[in-house]
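A.B. asks: structure16.cif (mmCIF, C-alpha atoms, pLDDT in the B column; chains and numbers go by the auth columns) pasted underneath:
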```cif
data_model
loop_
_atom_site.group_PDB
_atom_site.id
_atom_site.type_symbol
_atom_site.label_atom_id
_atom_site.label_comp_id
_atom_site.label_asym_id
_atom_site.label_seq_id
_atom_site.Cartn_x
_atom_site.Cartn_y
_atom_site.Cartn_z
_atom_site.B_iso_or_equiv
_atom_site.auth_seq_id
_atom_site.auth_asym_id
ATOM 1 C CA MET A 1 13.984 -20.175 -11.266 93.00 1 A
ATOM 2 C CA LYS A 2 15.842 -16.881 -10.866 97.00 2 A
ATOM 3 C CA THR A 3 14.108 -14.519 -8.445 98.00 3 A
ATOM 4 C CA TYR A 4 14.175 -10.729 -8.565 98.00 4 A
ATOM 5 C CA GLY A 5 12.123 -8.397 -6.424 97.00 5 A
ATOM 6 C CA LEU A 6 11.345 -5.068 -4.860 97.00 6 A
ATOM 7 C CA ILE A 7 12.058 -4.203 -1.242 97.00 7 A
ATOM 8 C CA GLY A 8 10.344 -1.307 0.466 94.00 8 A
ATOM 9 C CA TYR A 9 7.918 -0.517 3.252 92.00 9 A
ATOM 10 C CA ARG A 10 4.525 -0.547 1.501 80.00 10 A
ATOM 11 C CA LEU A 11 4.395 -2.121 -1.922 83.00 11 A
ATOM 12 C CA SER A 12 0.724 -2.742 -2.753 73.00 12 A
ATOM 13 C CA HIS A 13 0.831 -0.259 -5.653 69.00 13 A
ATOM 14 C CA SER A 14 4.327 -0.962 -6.918 76.00 14 A
ATOM 15 C CA PHE A 15 5.166 -0.459 -10.584 87.00 15 A
ATOM 16 C CA SER A 16 8.059 -2.915 -10.695 94.00 16 A
ATOM 17 C CA LYS A 17 6.338 -6.282 -10.164 94.00 17 A
ATOM 18 C CA LYS A 18 3.782 -5.667 -12.910 94.00 18 A
ATOM 19 C CA TYR A 19 6.388 -4.234 -15.270 96.00 19 A
ATOM 20 C CA PHE A 20 8.925 -7.047 -14.925 97.00 20 A
ATOM 21 C CA ASN A 21 6.463 -9.923 -15.012 96.00 21 A
ATOM 22 C CA GLU A 22 4.880 -8.451 -18.167 97.00 22 A
ATOM 23 C CA LYS A 23 8.388 -8.050 -19.605 98.00 23 A
ATOM 24 C CA PHE A 24 9.169 -11.712 -18.874 98.00 24 A
ATOM 25 C CA LEU A 25 5.972 -12.792 -20.681 97.00 25 A
ATOM 26 C CA LYS A 26 6.501 -10.529 -23.710 98.00 26 A
ATOM 27 C CA GLU A 27 10.140 -11.500 -24.137 98.00 27 A
ATOM 28 C CA ASN A 28 9.628 -15.230 -23.431 98.00 28 A
ATOM 29 C CA ILE A 29 11.877 -15.147 -20.372 97.00 29 A
ATOM 30 C CA SER A 30 10.656 -18.303 -18.653 97.00 30 A
ATOM 31 C CA ASP A 31 13.300 -18.794 -15.966 97.00 31 A
ATOM 32 C CA CYS A 32 12.697 -15.564 -14.013 97.00 32 A
ATOM 33 C CA VAL A 33 10.091 -14.300 -11.570 97.00 33 A
ATOM 34 C CA TYR A 34 9.697 -10.914 -9.867 97.00 34 A
ATOM 35 C CA GLU A 35 8.159 -10.581 -6.388 96.00 35 A
ATOM 36 C CA ASN A 36 7.357 -7.849 -3.872 96.00 36 A
ATOM 37 C CA PHE A 37 9.244 -8.079 -0.574 97.00 37 A
ATOM 38 C CA PRO A 38 7.679 -5.613 1.902 96.00 38 A
ATOM 39 C CA LEU A 39 9.956 -5.068 4.910 97.00 39 A
ATOM 40 C CA ASP A 40 8.833 -3.439 8.161 96.00 40 A
ATOM 41 C CA SER A 41 12.497 -2.617 8.821 97.00 41 A
ATOM 42 C CA ILE A 42 15.677 -2.753 6.739 97.00 42 A
ATOM 43 C CA LYS A 43 16.984 -5.143 9.406 97.00 43 A
ATOM 44 C CA GLU A 44 14.756 -7.801 7.782 97.00 44 A
ATOM 45 C CA PHE A 45 16.888 -7.635 4.607 98.00 45 A
ATOM 46 C CA THR A 46 19.421 -10.156 5.954 97.00 46 A
ATOM 47 C CA GLU A 47 16.616 -12.632 6.716 97.00 47 A
ATOM 48 C CA LEU A 48 15.185 -12.115 3.235 97.00 48 A
ATOM 49 C CA LEU A 49 18.540 -13.052 1.680 97.00 49 A
ATOM 50 C CA GLN A 50 18.742 -16.209 3.800 96.00 50 A
ATOM 51 C CA ASN A 51 15.179 -17.269 2.941 96.00 51 A
ATOM 52 C CA THR A 52 15.375 -16.543 -0.797 96.00 52 A
ATOM 53 C CA PRO A 53 18.326 -18.606 -2.091 91.00 53 A
ATOM 54 C CA ASN A 54 17.612 -17.923 -5.783 95.00 54 A
ATOM 55 C CA LEU A 55 17.459 -14.143 -5.356 98.00 55 A
ATOM 56 C CA LYS A 56 19.710 -12.618 -8.024 98.00 56 A
ATOM 57 C CA GLY A 57 18.898 -8.945 -7.579 98.00 57 A
ATOM 58 C CA CYS A 58 16.397 -6.484 -6.233 98.00 58 A
ATOM 59 C CA ASN A 59 15.097 -2.972 -6.600 97.00 59 A
ATOM 60 C CA VAL A 60 14.932 -0.758 -3.533 95.00 60 A
ATOM 61 C CA THR A 61 12.262 1.853 -2.871 90.00 61 A
ATOM 62 C CA ILE A 62 11.056 4.173 -0.098 83.00 62 A
ATOM 63 C CA PRO A 63 12.268 4.360 2.630 88.00 63 A
ATOM 64 C CA TYR A 64 15.332 2.111 2.228 93.00 64 A
ATOM 65 C CA LYS A 65 17.380 3.651 -0.617 92.00 65 A
ATOM 66 C CA GLU A 66 19.898 5.046 1.862 92.00 66 A
ATOM 67 C CA GLU A 67 19.380 2.638 4.752 96.00 67 A
ATOM 68 C CA ILE A 68 20.411 -0.367 2.634 97.00 68 A
ATOM 69 C CA ILE A 69 23.940 0.915 1.969 97.00 69 A
ATOM 70 C CA PRO A 70 25.556 -0.520 5.158 98.00 70 A
ATOM 71 C CA TYR A 71 24.311 -3.991 4.114 98.00 71 A
ATOM 72 C CA LEU A 72 26.174 -3.879 0.770 98.00 72 A
ATOM 73 C CA ASP A 73 29.737 -4.931 -0.055 98.00 73 A
ATOM 74 C CA GLU A 74 30.354 -2.452 -2.885 98.00 74 A
ATOM 75 C CA LEU A 75 28.814 0.624 -4.491 98.00 75 A
ATOM 76 C CA ASP A 76 28.873 1.596 -8.148 95.00 76 A
ATOM 77 C CA VAL A 77 30.492 4.999 -8.820 92.00 77 A
ATOM 78 C CA ALA A 78 27.150 6.780 -9.462 91.00 78 A
ATOM 79 C CA ALA A 79 25.505 5.220 -6.391 95.00 79 A
ATOM 80 C CA LYS A 80 28.460 6.302 -4.243 95.00 80 A
ATOM 81 C CA GLU A 81 28.207 9.897 -5.472 94.00 81 A
ATOM 82 C CA ILE A 82 24.422 9.975 -5.053 94.00 82 A
ATOM 83 C CA GLY A 83 24.466 8.298 -1.653 94.00 83 A
ATOM 84 C CA ALA A 84 21.400 6.221 -2.469 92.00 84 A
ATOM 85 C CA VAL A 85 20.806 2.788 -4.003 95.00 85 A
ATOM 86 C CA ASN A 86 17.752 1.508 -5.856 95.00 86 A
ATOM 87 C CA VAL A 87 19.300 -1.579 -7.496 98.00 87 A
ATOM 88 C CA VAL A 88 21.165 -4.409 -5.760 98.00 88 A
ATOM 89 C CA LYS A 89 22.988 -7.067 -7.761 98.00 89 A
ATOM 90 C CA ILE A 90 23.817 -10.342 -6.022 98.00 90 A
ATOM 91 C CA LEU A 91 26.998 -11.818 -7.471 97.00 91 A
ATOM 92 C CA PRO A 92 27.575 -15.608 -7.718 95.00 92 A
ATOM 93 C CA ASN A 93 29.974 -15.384 -4.743 95.00 93 A
ATOM 94 C CA GLY A 94 27.233 -13.767 -2.638 95.00 94 A
ATOM 95 C CA LYS A 95 28.657 -10.242 -2.765 98.00 95 A
ATOM 96 C CA LEU A 96 26.067 -7.450 -2.839 98.00 96 A
ATOM 97 C CA VAL A 97 26.731 -4.504 -5.157 98.00 97 A
ATOM 98 C CA GLY A 98 24.593 -1.339 -5.074 98.00 98 A
ATOM 99 C CA TYR A 99 23.697 0.784 -8.111 97.00 99 A
ATOM 100 C CA ASN A 100 21.429 3.727 -8.823 96.00 100 A
ATOM 101 C CA SER A 101 19.325 3.386 -11.984 96.00 101 A
ATOM 102 C CA ASP A 102 17.039 6.298 -10.967 93.00 102 A
ATOM 103 C CA TYR A 103 19.876 8.510 -12.190 94.00 103 A
ATOM 104 C CA TYR A 104 19.800 7.015 -15.694 95.00 104 A
ATOM 105 C CA GLY A 105 16.003 6.962 -15.956 96.00 105 A
ATOM 106 C CA PHE A 106 15.644 10.575 -14.856 97.00 106 A
ATOM 107 C CA LYS A 107 18.504 11.967 -16.934 96.00 107 A
ATOM 108 C CA THR A 108 17.301 10.364 -20.178 95.00 108 A
ATOM 109 C CA SER A 109 13.660 11.358 -19.725 97.00 109 A
ATOM 110 C CA LEU A 110 14.509 14.943 -18.694 97.00 110 A
ATOM 111 C CA GLN A 111 16.587 15.431 -21.838 96.00 111 A
ATOM 112 C CA LYS A 112 13.543 14.457 -23.901 95.00 112 A
ATOM 113 C CA PHE A 113 11.211 16.741 -21.914 97.00 113 A
ATOM 114 C CA ILE A 114 13.055 20.077 -21.832 96.00 114 A
ATOM 115 C CA PRO A 115 14.378 22.068 -24.798 92.00 115 A
ATOM 116 C CA ALA A 116 18.162 22.233 -25.147 87.00 116 A
ATOM 117 C CA ASP A 117 18.851 25.565 -23.485 82.00 117 A
ATOM 118 C CA LYS A 118 21.885 26.589 -21.458 81.00 118 A
ATOM 119 C CA SER A 119 19.821 29.033 -19.374 91.00 119 A
ATOM 120 C CA HIS A 120 17.879 26.364 -17.428 96.00 120 A
ATOM 121 C CA ARG A 121 18.019 26.333 -13.640 97.00 121 A
ATOM 122 C CA ALA A 122 16.137 23.780 -11.530 98.00 122 A
ATOM 123 C CA LEU A 123 14.324 23.526 -8.200 98.00 123 A
ATOM 124 C CA ILE A 124 14.328 20.087 -6.556 98.00 124 A
ATOM 125 C CA LEU A 125 11.342 19.670 -4.235 98.00 125 A
ATOM 126 C CA GLY A 126 12.410 17.227 -1.526 95.00 126 A
ATOM 127 C CA THR A 127 15.762 16.000 -0.207 91.00 127 A
ATOM 128 C CA GLY A 128 15.439 12.190 -0.068 84.00 128 A
ATOM 129 C CA GLY A 129 17.216 9.454 -2.021 79.00 129 A
ATOM 130 C CA ALA A 130 15.399 10.199 -5.294 86.00 130 A
ATOM 131 C CA ALA A 131 16.288 13.900 -4.951 92.00 131 A
ATOM 132 C CA LYS A 132 19.962 12.991 -4.700 90.00 132 A
ATOM 133 C CA ALA A 133 19.822 10.987 -7.950 92.00 133 A
ATOM 134 C CA VAL A 134 18.074 13.937 -9.631 96.00 134 A
ATOM 135 C CA ALA A 135 20.762 16.323 -8.355 96.00 135 A
ATOM 136 C CA VAL A 136 23.638 14.266 -9.777 95.00 136 A
ATOM 137 C CA ALA A 137 21.848 13.974 -13.140 96.00 137 A
ATOM 138 C CA LEU A 138 21.327 17.755 -13.220 97.00 138 A
ATOM 139 C CA LYS A 139 24.961 18.316 -12.339 95.00 139 A
ATOM 140 C CA ASP A 140 26.062 16.054 -15.200 94.00 140 A
ATOM 141 C CA LEU A 141 23.714 17.935 -17.560 95.00 141 A
ATOM 142 C CA GLU A 142 25.279 21.193 -16.310 95.00 142 A
ATOM 143 C CA ILE A 143 21.936 22.491 -14.998 97.00 143 A
ATOM 144 C CA PRO A 144 22.333 24.480 -11.735 97.00 144 A
ATOM 145 C CA TYR A 145 19.837 23.436 -9.062 97.00 145 A
ATOM 146 C CA GLN A 146 18.461 24.435 -5.673 97.00 146 A
ATOM 147 C CA TYR A 147 16.889 22.100 -3.085 97.00 147 A
ATOM 148 C CA VAL A 148 13.542 23.097 -1.548 98.00 148 A
ATOM 149 C CA SER A 149 12.297 21.533 1.691 95.00 149 A
ATOM 150 C CA ARG A 150 9.933 22.266 4.573 92.00 150 A
ATOM 151 C CA SER A 151 12.868 23.518 6.626 90.00 151 A
ATOM 152 C CA LYS A 152 15.685 25.800 5.532 92.00 152 A
ATOM 153 C CA GLY A 153 19.157 24.282 5.760 88.00 153 A
ATOM 154 C CA ALA A 154 22.588 24.182 4.160 87.00 154 A
ATOM 155 C CA GLY A 155 22.039 24.434 0.403 86.00 155 A
ATOM 156 C CA THR A 156 18.274 24.266 0.908 95.00 156 A
ATOM 157 C CA ILE A 157 15.595 26.935 0.880 97.00 157 A
ATOM 158 C CA SER A 158 12.186 26.496 2.493 96.00 158 A
ATOM 159 C CA TYR A 159 8.846 26.503 0.706 97.00 159 A
ATOM 160 C CA ASP A 160 8.091 29.755 2.534 95.00 160 A
ATOM 161 C CA GLU A 161 10.966 31.436 0.671 96.00 161 A
ATOM 162 C CA MET A 162 9.593 30.590 -2.750 96.00 162 A
ATOM 163 C CA ASP A 163 8.279 33.737 -4.409 96.00 163 A
ATOM 164 C CA VAL A 164 7.900 35.218 -7.882 97.00 164 A
ATOM 165 C CA ASN A 165 11.634 35.970 -8.101 97.00 165 A
ATOM 166 C CA VAL A 166 12.653 32.394 -7.236 97.00 166 A
ATOM 167 C CA LEU A 167 10.294 31.034 -9.882 98.00 167 A
ATOM 168 C CA LYS A 168 11.504 33.556 -12.473 97.00 168 A
ATOM 169 C CA GLN A 169 15.049 32.312 -11.936 97.00 169 A
ATOM 170 C CA HIS A 170 14.190 28.595 -12.227 98.00 170 A
ATOM 171 C CA SER A 171 12.512 27.146 -15.328 97.00 171 A
ATOM 172 C CA ILE A 172 12.517 23.494 -14.171 98.00 172 A
ATOM 173 C CA ILE A 173 10.668 22.313 -11.044 98.00 173 A
ATOM 174 C CA ILE A 174 11.047 18.663 -10.058 98.00 174 A
ATOM 175 C CA ASN A 175 8.844 17.054 -7.414 98.00 175 A
ATOM 176 C CA THR A 176 10.791 14.201 -5.793 95.00 176 A
ATOM 177 C CA SER A 177 8.462 13.988 -2.780 94.00 177 A
ATOM 178 C CA PRO A 178 5.599 11.447 -2.558 90.00 178 A
ATOM 179 C CA LEU A 179 3.020 14.263 -2.365 95.00 179 A
ATOM 180 C CA GLY A 180 0.144 13.514 -4.726 96.00 180 A
ATOM 181 C CA MET A 181 0.855 9.792 -4.980 92.00 181 A
ATOM 182 C CA TYR A 182 -2.131 7.422 -4.906 88.00 182 A
ATOM 183 C CA PRO A 183 -4.141 7.202 -2.670 90.00 183 A
ATOM 184 C CA ASP A 184 -3.278 10.723 -1.395 94.00 184 A
ATOM 185 C CA VAL A 185 -4.108 12.234 -4.795 96.00 185 A
ATOM 186 C CA ASP A 186 -5.243 15.654 -3.552 97.00 186 A
ATOM 187 C CA SER A 187 -1.935 16.612 -1.934 97.00 187 A
ATOM 188 C CA PHE A 188 0.706 18.687 -3.716 98.00 188 A
ATOM 189 C CA PRO A 189 3.918 20.620 -2.958 97.00 189 A
ATOM 190 C CA ALA A 190 3.224 24.071 -1.491 96.00 190 A
ATOM 191 C CA ILE A 191 4.746 26.249 -4.211 98.00 191 A
ATOM 192 C CA PRO A 192 3.232 29.552 -5.477 98.00 192 A
ATOM 193 C CA TYR A 193 1.618 28.112 -8.626 98.00 193 A
ATOM 194 C CA GLN A 194 0.180 31.537 -9.532 98.00 194 A
ATOM 195 C CA PHE A 195 3.655 32.649 -10.636 98.00 195 A
ATOM 196 C CA LEU A 196 4.138 29.807 -13.131 98.00 196 A
ATOM 197 C CA THR A 197 4.180 30.541 -16.872 98.00 197 A
ATOM 198 C CA ASP A 198 4.629 28.727 -20.176 97.00 198 A
ATOM 199 C CA LYS A 199 8.388 29.070 -19.603 96.00 199 A
ATOM 200 C CA HIS A 200 8.213 26.519 -16.759 98.00 200 A
ATOM 201 C CA TYR A 201 8.697 22.738 -16.970 98.00 201 A
ATOM 202 C CA LEU A 202 7.191 20.700 -14.110 98.00 202 A
ATOM 203 C CA TYR A 203 8.511 17.160 -13.741 98.00 203 A
ATOM 204 C CA ASP A 204 6.739 14.940 -11.190 98.00 204 A
ATOM 205 C CA LEU A 205 8.499 11.717 -10.201 96.00 205 A
ATOM 206 C CA VAL A 206 5.073 10.430 -9.121 94.00 206 A
ATOM 207 C CA TYR A 207 3.425 8.356 -11.866 92.00 207 A
ATOM 208 C CA ASN A 208 0.198 7.229 -10.153 90.00 208 A
ATOM 209 C CA PRO A 209 -2.140 9.029 -10.820 94.00 209 A
ATOM 210 C CA GLU A 210 -1.120 9.791 -14.390 96.00 210 A
ATOM 211 C CA VAL A 211 -1.896 13.490 -13.868 98.00 211 A
ATOM 212 C CA THR A 212 -1.032 14.606 -10.328 98.00 212 A
ATOM 213 C CA ALA A 213 -2.376 17.683 -8.541 98.00 213 A
ATOM 214 C CA PHE A 214 1.112 19.244 -8.954 98.00 214 A
ATOM 215 C CA MET A 215 0.913 18.745 -12.727 98.00 215 A
ATOM 216 C CA ARG A 216 -2.710 19.875 -12.963 98.00 216 A
ATOM 217 C CA LYS A 217 -2.061 23.110 -11.062 98.00 217 A
ATOM 218 C CA GLY A 218 0.978 23.787 -13.239 98.00 218 A
ATOM 219 C CA LYS A 219 -0.994 23.266 -16.454 98.00 219 A
ATOM 220 C CA GLN A 220 -3.608 25.762 -15.261 98.00 220 A
ATOM 221 C CA HIS A 221 -0.902 28.437 -15.502 98.00 221 A
ATOM 222 C CA GLY A 222 0.518 27.305 -18.845 98.00 222 A
ATOM 223 C CA ALA A 223 3.454 25.233 -17.565 98.00 223 A
ATOM 224 C CA HIS A 224 4.654 22.125 -19.420 98.00 224 A
ATOM 225 C CA VAL A 225 4.207 18.985 -17.300 98.00 225 A
ATOM 226 C CA VAL A 226 5.278 15.341 -17.302 98.00 226 A
ATOM 227 C CA ASN A 227 4.981 12.465 -14.820 98.00 227 A
ATOM 228 C CA GLY A 228 7.565 9.905 -13.734 95.00 228 A
ATOM 229 C CA LEU A 229 6.445 6.944 -15.861 95.00 229 A
ATOM 230 C CA GLU A 230 9.181 7.249 -18.486 95.00 230 A
ATOM 231 C CA MET A 231 11.776 7.589 -15.737 96.00 231 A
ATOM 232 C CA LEU A 232 10.425 4.424 -14.107 93.00 232 A
ATOM 233 C CA ILE A 233 10.592 2.474 -17.349 96.00 233 A
ATOM 234 C CA GLY A 234 14.116 3.760 -17.958 96.00 234 A
ATOM 235 C CA GLN A 235 15.334 2.857 -14.489 96.00 235 A
ATOM 236 C CA ALA A 236 13.701 -0.607 -14.703 97.00 236 A
ATOM 237 C CA GLU A 237 15.409 -1.380 -18.021 97.00 237 A
ATOM 238 C CA LYS A 238 18.720 -0.145 -16.608 97.00 238 A
ATOM 239 C CA ALA A 239 18.240 -2.419 -13.583 98.00 239 A
ATOM 240 C CA TRP A 240 17.667 -5.404 -15.891 98.00 240 A
ATOM 241 C CA GLU A 241 20.837 -4.501 -17.794 98.00 241 A
ATOM 242 C CA ILE A 242 22.796 -4.310 -14.511 98.00 242 A
ATOM 243 C CA TRP A 243 21.536 -7.710 -13.330 98.00 243 A
ATOM 244 C CA ASN A 244 22.486 -9.329 -16.627 96.00 244 A
ATOM 245 C CA GLN A 245 25.828 -7.698 -17.397 92.00 245 A
#
```
Before we go any further, please render this structure as C-alpha cells.
C.D. replies:
Amino acid sequence: MKTYGLIGYRLSHSFSKKYFNEKFLKENISDCVYENFPLDSIKEFTELLQNTPNLKGCNVTIPYKEEIIPYLDELDVAAKEIGAVNVVKILPNGKLVGYNSDYYGFKTSLQKFIPADKSHRALILGTGGAAKAVAVALKDLEIPYQYVSRSKGAGTISYDEMDVNVLKQHSIIINTSPLGMYPDVDSFPAIPYQFLTDKHYLYDLVYNPEVTAFMRKGKQHGAHVVNGLEMLIGQAEKAWEIWNQ
C-alpha cells in the first residue's frame, strides 16, 4: 500500500486527508492511503521517514513550509524561487524533492476570479510561505503587489499605513494569514473595510468557514469575494500529478 500524507503542527481540521481519501474511492485507486502526520517539531520529519517505509510523498502545511527545505535533496524551480515547499516527492532511490503546488492552485483560481485587466495591483496580507507562493504567481501574471504585515519592513507596509489612498491603488486584496480560520472564526485582518468598493476583489486563502469574517466585511461594502477552496483543490490535484509523474 502506497502511503501519502500531510505534515504540519495541528491537523485536526485538515482538508487534504478527506480530499485524497475521497478521491481514491471515487477513482477506484485501491493501492493508496492518505494519513495525517502531526509533528511537534520539524525535527520529527526524519523519524517519520524511518517509520513509514511506504511513504511516497507528502503535503506540507503550517508552520513547516520553509522549515522543511534543509531536509530535502532538491527543489523544483518554482519552489526555489518561492522559498517554500508544500509538496515533497520521495523518489525510488530515497531522494526527497520539494515542490510548491500552492503556486499553481492560486494562480489558476485567481485568473478565474478577477476580470482580465492590466490595471490590477494587489495587496498581500501576511508574509509567510503561502504569501511567497502568491507573490510569485502575481509576478508571473504581471500584477504588481505590496506586502502588508503587522510591522513595517523592507518591501512591506504595516496595517497602520493602510488608508483610502492605498485601497484606491490596489483592486486585489489577498489574505494569506490564518486569521478567520476555524475555530477562530471572528478574527479578521485589520484593514479599513469602510474604503472598499465594488471595484475590489477580496481573495481569502482560508476555506473553513466557507464565508470568513474578511469576506463578509468586504461584501458589506460591495467587494467581490472568494475563499481558498478552489486553490486547495487545484494544489491537491497538482500534488497528485507531481507524485505520479
A.B. asks: Using the chain letters and numbers from the file, which residues does the PyMOL selection byres ((chain A and resi 68) around 9) grab, as a PyMOL selection string?
C.D. replies: chain A and resi 42-43+45+60+64-67+69-72+84-85+98
A.B. asks: Of the candidates A:Gly218, A:Val88, A:Lys152, A:Tyr99, which one gets nearest to A:Asp76 if we count only C-alpha atoms?
C.D. replies: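 The answer is A:Tyr99, which sits nearest to A:Asp76.
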A.B. asks: Name the closest residue to A:Tyr193 among the candidates A:Val33, A:Val77, A:Ala223, A:Val211; distances are taken between atoms, counting all atoms listed in the file.
C.D. replies: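 Closest candidate: A:Ala223.
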A.B. asks: Which residues, named as in the file, does the PyMOL selection byres ((chain A and resi 236) around 10) pick out? Answer as a PyMOL selection string.
C.D. replies: chain A and resi 15-16+19-20+59+86-87+101-102+104-105+230-235+237-242
A.B. asks: Atom CA of A:Ser109 and atom CA of A:Glu35 are how many Å apart?
C.D. replies: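 We find that atom CA of A:Ser109 and atom CA of A:Glu35 lie 26.3 Å from each other.
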A.B. asks: Ranking A:Thr108, A:Met181, A:Ala78, A:Leu11 by minimum distance to A:Tyr207 and counting only C-alpha atoms, which one comes first?
C.D. replies: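 So, comparing all the options, the nearest one is A:Met181.
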A.B. asks: I want to know what sits within 8 Å of A:Met215, based on only C-alpha atoms, with residues of the same chain fewer than 6 positions away left out; could you give that as a PDB file with C-alpha atoms, in the frame of the given file?
C.D. replies:
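Dumped to out_19.pdb:
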```pdb
ATOM      1  CA  LEU A 202       7.191  20.700 -14.110  1.00 98.00           C
ATOM      2  CA  TYR A 203       8.511  17.160 -13.741  1.00 98.00           C
ATOM      3  CA  ASP A 204       6.739  14.940 -11.190  1.00 98.00           C
ATOM      4  CA  VAL A 225       4.207  18.985 -17.300  1.00 98.00           C
ATOM      5  CA  VAL A 226       5.278  15.341 -17.302  1.00 98.00           C
ATOM      6  CA  ASN A 227       4.981  12.465 -14.820  1.00 98.00           C
TER       7      ASN A 227
END
```
A.B. asks: Applied to this file, what does the PyMOL selection byres ((chain A and resi 184) around 12) return in terms of residues, put as an NGL selection string?
C.D. replies: :A and (178-183 or 185-188 or 206 or 208-209 or 212-213)
A.B. asks: To one decimal place in Å, what is the distance between atom CA of A:Lys23 and atom CA of A:Leu91?
C.D. replies: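 Computing the Euclidean distance for atom CA of A:Lys23 and atom CA of A:Leu91 yields 22.5 Å.
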A.B. asks: For A:Asp140, which residue among A:Ser158, A:Gln111, A:Thr176, A:Ser119 is the nearest when counting all atoms listed in the file?
C.D. replies: A:Gln111
A.B. asks: Can you work out the spacing between atom CA of A:Tyr34 and atom CA of A:Leu110 in Å, to one decimal?
C.D. replies: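 Going from atom CA of A:Tyr34 over to atom CA of A:Leu110 covers 27.7 Å.
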A.B. asks: Using only C-alpha atoms, which residues sit within 9 Å of A:Ile62 once same-chain residues fewer than 3 positions away are excluded, as JSON, numbers by chain?
C.D. replies: {"A": [7, 8, 9, 10, 65, 129]}
A.B. asks: Extract, using all atoms listed in the file, all DNA, RNA and protein residues at most 10 Å from A:Gln194, discarding same-chain residues fewer than 4 positions from it, and format them as an MDAnalysis selection string.
C.D. replies: chainID A and resid 163:164 217:218 220:221
A.B. asks: Go through A:Ala154, A:Ala130, A:Ile172, A:Leu138 one by one, measure the shortest atom-to-atom distance of each to A:Pro115 using only C-alpha atoms, and give the residue with the smallest value.
C.D. replies: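 The shortest atom-to-atom distance to A:Pro115 comes from A:Ile172.
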A.B. asks: Using all atoms listed in the file, which of the listed residues (A:Lys139, A:Lys219, A:Lys56, A:Lys18) sits closest to A:Asp31?
C.D. replies: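 Answer, going by the shortest atom-to-atom distance: A:Lys56.
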A.B. asks: Might you pull out every residue within 12 Å of A:Lys2, with all atoms listed in the file counted and same-chain residues fewer than 6 positions away left off, and present them as an mmCIF file with C-alpha atoms, keeping the file's coordinate frame?
C.D. replies:
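As written to disk, part_0.cif reads:
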```
data_model
loop_
_atom_site.group_PDB
_atom_site.id
_atom_site.type_symbol
_atom_site.label_atom_id
_atom_site.label_comp_id
_atom_site.auth_asym_id
_atom_site.auth_seq_id
_atom_site.Cartn_x
_atom_site.Cartn_y
_atom_site.Cartn_z
ATOM 1 C CA PHE A 24 9.169 -11.712 -18.874
ATOM 2 C CA ILE A 29 11.877 -15.147 -20.372
ATOM 3 C CA SER A 30 10.656 -18.303 -18.653
ATOM 4 C CA ASP A 31 13.300 -18.794 -15.966
ATOM 5 C CA CYS A 32 12.697 -15.564 -14.013
ATOM 6 C CA VAL A 33 10.091 -14.300 -11.570
ATOM 7 C CA TYR A 34 9.697 -10.914 -9.867
ATOM 8 C CA GLU A 35 8.159 -10.581 -6.388
ATOM 9 C CA THR A 52 15.375 -16.543 -0.797
ATOM 10 C CA PRO A 53 18.326 -18.606 -2.091
ATOM 11 C CA ASN A 54 17.612 -17.923 -5.783
ATOM 12 C CA LEU A 55 17.459 -14.143 -5.356
ATOM 13 C CA LYS A 56 19.710 -12.618 -8.024
ATOM 14 C CA GLY A 57 18.898 -8.945 -7.579
ATOM 15 C CA CYS A 58 16.397 -6.484 -6.233
ATOM 16 C CA ILE A 90 23.817 -10.342 -6.022
ATOM 17 C CA TRP A 243 21.536 -7.710 -13.330
ATOM 18 C CA ASN A 244 22.486 -9.329 -16.627
#
```
A.B. asks: How big is the axis-aligned box around the listed atoms of stretch 158-172 of chain A once 4 Å is added on each side, and where is its centre? Give both in Å to one decimal, as JSON.
C.D. replies:
```
{"center_x": 11.5, "center_y": 29.7, "center_z": -6.4, "size_x": 15.1, "size_y": 20.5, "size_z": 25.9}
```
A.B. asks: Assuming the input is short of atoms at stretch 194-203 of chain A, produce N, CA and C atoms for that part as a short mmCIF file (atom, residue, chain, number, x, y, z; two decimals), keeping the file's coordinate frame.
C.D. replies:
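Written output follows (part.cif):
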```
data_model
loop_
_atom_site.label_atom_id
_atom_site.label_comp_id
_atom_site.auth_asym_id
_atom_site.auth_seq_id
_atom_site.Cartn_x
_atom_site.Cartn_y
_atom_site.Cartn_z
N GLN A 194 0.68 30.37 -8.79
CA GLN A 194 0.18 31.54 -9.53
C GLN A 194 1.29 32.26 -10.30
N PHE A 195 2.55 31.99 -9.96
CA PHE A 195 3.66 32.65 -10.64
C PHE A 195 4.24 31.81 -11.78
N LEU A 196 3.65 30.65 -12.04
CA LEU A 196 4.14 29.81 -13.13
C LEU A 196 3.70 30.38 -14.48
N THR A 197 4.49 30.08 -15.52
CA THR A 197 4.18 30.54 -16.87
C THR A 197 4.48 29.42 -17.87
N ASP A 198 4.31 29.72 -19.15
CA ASP A 198 4.63 28.73 -20.18
C ASP A 198 6.13 28.54 -20.36
N LYS A 199 6.93 29.25 -19.58
CA LYS A 199 8.39 29.07 -19.60
C LYS A 199 8.83 28.02 -18.58
N HIS A 200 7.87 27.48 -17.81
CA HIS A 200 8.21 26.52 -16.76
C HIS A 200 7.94 25.08 -17.20
N TYR A 201 8.80 24.17 -16.68
CA TYR A 201 8.70 22.74 -16.97
C TYR A 201 8.60 22.00 -15.64
N LEU A 202 7.43 21.40 -15.36
CA LEU A 202 7.19 20.70 -14.11
C LEU A 202 7.32 19.20 -14.34
N TYR A 203 8.26 18.59 -13.62
CA TYR A 203 8.51 17.16 -13.74
C TYR A 203 8.15 16.52 -12.40
#
```
